[in-house]
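Everything below concerns the one structure shown next.
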Amino acid sequence: MALETHHAAVAAAPQKKAEKSRPPRWKSVKSKIPGLAMAVLGVGLAWDVHWFVPAVPMLTAAVVLGIGSAHLPGLRGVVRGIARPGLSFAGKRLMRVGIVLLGLKLSLHDVLGIGWATVVMVLAVVTATFFGTLWLGRRIGLRGDQPLLIATGYSICGASAIGAVSEVTGSDEEDVATSVALVTLCGTLAIAVLPLLHHPLGLDGTQFGRWVGASVHDVGQVVATAQTAGPAALGEAVLVKLMRVALLAPLVAAVALAVRRRRQYDARVAAAEAEAEAPADGTGGSGGGKVAGKRPTLVPLFVLGFLAMVALRSTGQVPGGALDAAQEAQELLLAAALFGLGSAVHLPTLVRTGGRVAALGLCSWVVVAGVSYAGVLLTTA
């Protein structure tokens, strides 16, 4: 009997060894399945909302549904528990792929076609909005990377830009989710507010389209807002908006460079402090003053992918069917990512800093709308 038990144990040993060698990656994949399934369901619901109410972009609906799922009594336990790994994966990894495909919307020929005056106007709008929002956010004491992320979202392309910058800064998930929620809320309000200001501000169709493209955050929100003034306005709005999207790559590279320099400075300071505190005989020091730390890449891989897609689109060799398919895939991927980010929003925490966050959002909205309005008048006079 003992011999049979021994043979059974020996026979089972390779199987146990195989199971021990397999679990880390398999468990990692398996842990993401519930959250990814929930994100897919969220995308389906967001698509339904957009189909029934076309004025509501699918990406906006995805964020709202994600926030709702994190607070519904029957779902919040799942969202914060078993589904969290998959939802976090969607908010980060799927966002990267969606940003890469976003590059296929942009052609260098289209950018050059809008004229240098408009290019300068867009650069001025992005610069004023980014640095103005960043400065004000820090002045009013917002936590963590929120000022940087909100400034990025308002100045470039909403939630997609926030996701891109958060990848190189390693921002806290809650800061990312709060910033996405604020930018999405203001962009959604723009769909209703800006058309009401079309004629009172004395703008023709072309001017209104450019104003929308220069001041509204997300591409889907730009389309929903500009289409109220007709196809000409919509075309101008999309071109100007895509010019802002083109600035995503240099902005991310600049942020990555700033993060790298800050970490290098922090490492030198830490090394100097360790050396100053070390005993005179040299023992117990910091090991030569070297401080380990991960250096962010200057240009992340997904940004290079974005630029590669822009270059590919600029060749004019991409079939229309492939562009349509890529656009559909990009919308679905970004919707899943935004659902994941929305599910990380914790409203009680948001309420505690809601006054300051709302103030920053309102001021930034005024800046981007005001500067872009002045720029449109100057470049179309």
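Residue numbers start at 1 in each chain; chains themselves are named A, B, ... in the order of the structure tokens; ligands are numbered from 1 in the order shown.
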Inset, instruction - Write out as a PyMOL selection string the residues lying within 8 Å of Ala46 (chain A), counting only C-alpha atoms and excluding same-chain residues fewer than 5 positions away. - result: chain A and resi 58-59+61-62+65+335
Write the residues of the selection above to a file with C-alpha atoms, as a PDB file, in the first residue's frame.
ATOM      1  CA  MET A  58     -20.375  56.633 -27.155  1.00  0.00           C
ATOM      2  CA  LEU A  59     -17.190  57.523 -25.278  1.00  0.00           C
ATOM      3  CA  ALA A  61     -21.688  57.228 -22.298  1.00  0.00           C
ATOM      4  CA  ALA A  62     -18.920  54.714 -21.526  1.00  0.00           C
ATOM      5  CA  LEU A  65     -21.664  53.923 -17.234  1.00  0.00           C
ATOM      6  CA  ALA A 335     -14.885  53.107 -24.963  1.00  0.00           C
TER       7      ALA A 335
END
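Nearest residue to Arg80 (chain A) among A:Val193, A:Ala253, A:Leu108, A:Ile67 is A:Ile67, counting only C-alpha atoms.
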Inset, instruction - Going by DSSP on the backbone, which bits of region 19-180 of chain A are alpha helix (DSSP H)? Write them as a ChimeraX atom specification, please. - result: /A:19-21,23-52,58-69,76-80,84-89,95-102,108-113,116-139,146-155,159-169,173-180
Inset, instruction - Fewer than 2 positions away in the same chain doesn't count, so skip those; otherwise give me all residues within 12 Å of Thr315 (chain A), counting only C-alpha atoms, as a PyMOL selection string. - result: chain A and resi 104+106-110+308-313+317-319
Can those selected residues be exported to a file as a PDB file, in the first residue's frame so that it contains N, CA and C atoms?
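What follows is the written file result.pdb:
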ATOM      1  N   LEU A 104      -4.536  57.253 -37.255  1.00  0.00           N
ATOM      2  CA  LEU A 104      -5.042  57.063 -38.613  1.00  0.00           C
ATOM      3  C   LEU A 104      -6.088  58.096 -39.002  1.00  0.00           C
ATOM      4  N   LEU A 106      -5.482  61.245 -38.757  1.00  0.00           N
ATOM      5  CA  LEU A 106      -4.739  62.471 -39.025  1.00  0.00           C
ATOM      6  C   LEU A 106      -3.796  62.300 -40.199  1.00  0.00           C
ATOM      7  N   SER A 107      -3.881  63.227 -41.133  1.00  0.00           N
ATOM      8  CA  SER A 107      -2.969  63.256 -42.271  1.00  0.00           C
ATOM      9  C   SER A 107      -2.213  64.578 -42.269  1.00  0.00           C
ATOM     10  N   LEU A 108      -0.925  64.523 -42.565  1.00  0.00           N
ATOM     11  CA  LEU A 108      -0.138  65.742 -42.608  1.00  0.00           C
ATOM     12  C   LEU A 108      -0.646  66.693 -43.689  1.00  0.00           C
ATOM     13  N   HIS A 109      -1.181  66.146 -44.762  1.00  0.00           N
ATOM     14  CA  HIS A 109      -1.722  66.980 -45.836  1.00  0.00           C
ATOM     15  C   HIS A 109      -2.917  67.792 -45.339  1.00  0.00           C
ATOM     16  N   ASP A 110      -3.753  67.164 -44.517  1.00  0.00           N
ATOM     17  CA  ASP A 110      -4.911  67.880 -43.971  1.00  0.00           C
ATOM     18  C   ASP A 110      -4.468  69.011 -43.041  1.00  0.00           C
ATOM     19  N   ALA A 308       3.532  56.623 -36.272  1.00  0.00           N
ATOM     20  CA  ALA A 308       3.616  55.720 -37.426  1.00  0.00           C
ATOM     21  C   ALA A 308       2.284  55.667 -38.174  1.00  0.00           C
ATOM     22  N   MET A 309       1.179  55.675 -37.435  1.00  0.00           N
ATOM     23  CA  MET A 309      -0.140  55.665 -38.073  1.00  0.00           C
ATOM     24  C   MET A 309      -0.410  56.974 -38.826  1.00  0.00           C
ATOM     25  N   VAL A 310       0.057  58.099 -38.260  1.00  0.00           N
ATOM     26  CA  VAL A 310      -0.076  59.385 -38.958  1.00  0.00           C
ATOM     27  C   VAL A 310       0.697  59.341 -40.277  1.00  0.00           C
ATOM     28  N   ALA A 311       1.926  58.828 -40.213  1.00  0.00           N
ATOM     29  CA  ALA A 311       2.743  58.721 -41.428  1.00  0.00           C
ATOM     30  C   ALA A 311       2.092  57.800 -42.461  1.00  0.00           C
ATOM     31  N   LEU A 312       1.521  56.686 -41.963  1.00  0.00           N
ATOM     32  CA  LEU A 312       0.859  55.746 -42.866  1.00  0.00           C
ATOM     33  C   LEU A 312      -0.344  56.396 -43.531  1.00  0.00           C
ATOM     34  N   ARG A 313      -1.142  57.116 -42.766  1.00  0.00           N
ATOM     35  CA  ARG A 313      -2.310  57.788 -43.337  1.00  0.00           C
ATOM     36  C   ARG A 313      -1.883  58.855 -44.348  1.00  0.00           C
ATOM     37  N   GLN A 317      -2.193  55.693 -49.106  1.00  0.00           N
ATOM     38  CA  GLN A 317      -2.288  54.336 -49.638  1.00  0.00           C
ATOM     39  C   GLN A 317      -3.183  53.424 -48.809  1.00  0.00           C
ATOM     40  N   VAL A 318      -3.744  53.943 -47.716  1.00  0.00           N
ATOM     41  CA  VAL A 318      -4.586  53.105 -46.863  1.00  0.00           C
ATOM     42  C   VAL A 318      -6.001  53.071 -47.445  1.00  0.00           C
ATOM     43  N   PRO A 319      -6.533  51.892 -47.751  1.00  0.00           N
ATOM     44  CA  PRO A 319      -7.885  51.810 -48.317  1.00  0.00           C
ATOM     45  C   PRO A 319      -8.936  52.396 -47.378  1.00  0.00           C
TER      46      PRO A 319
END
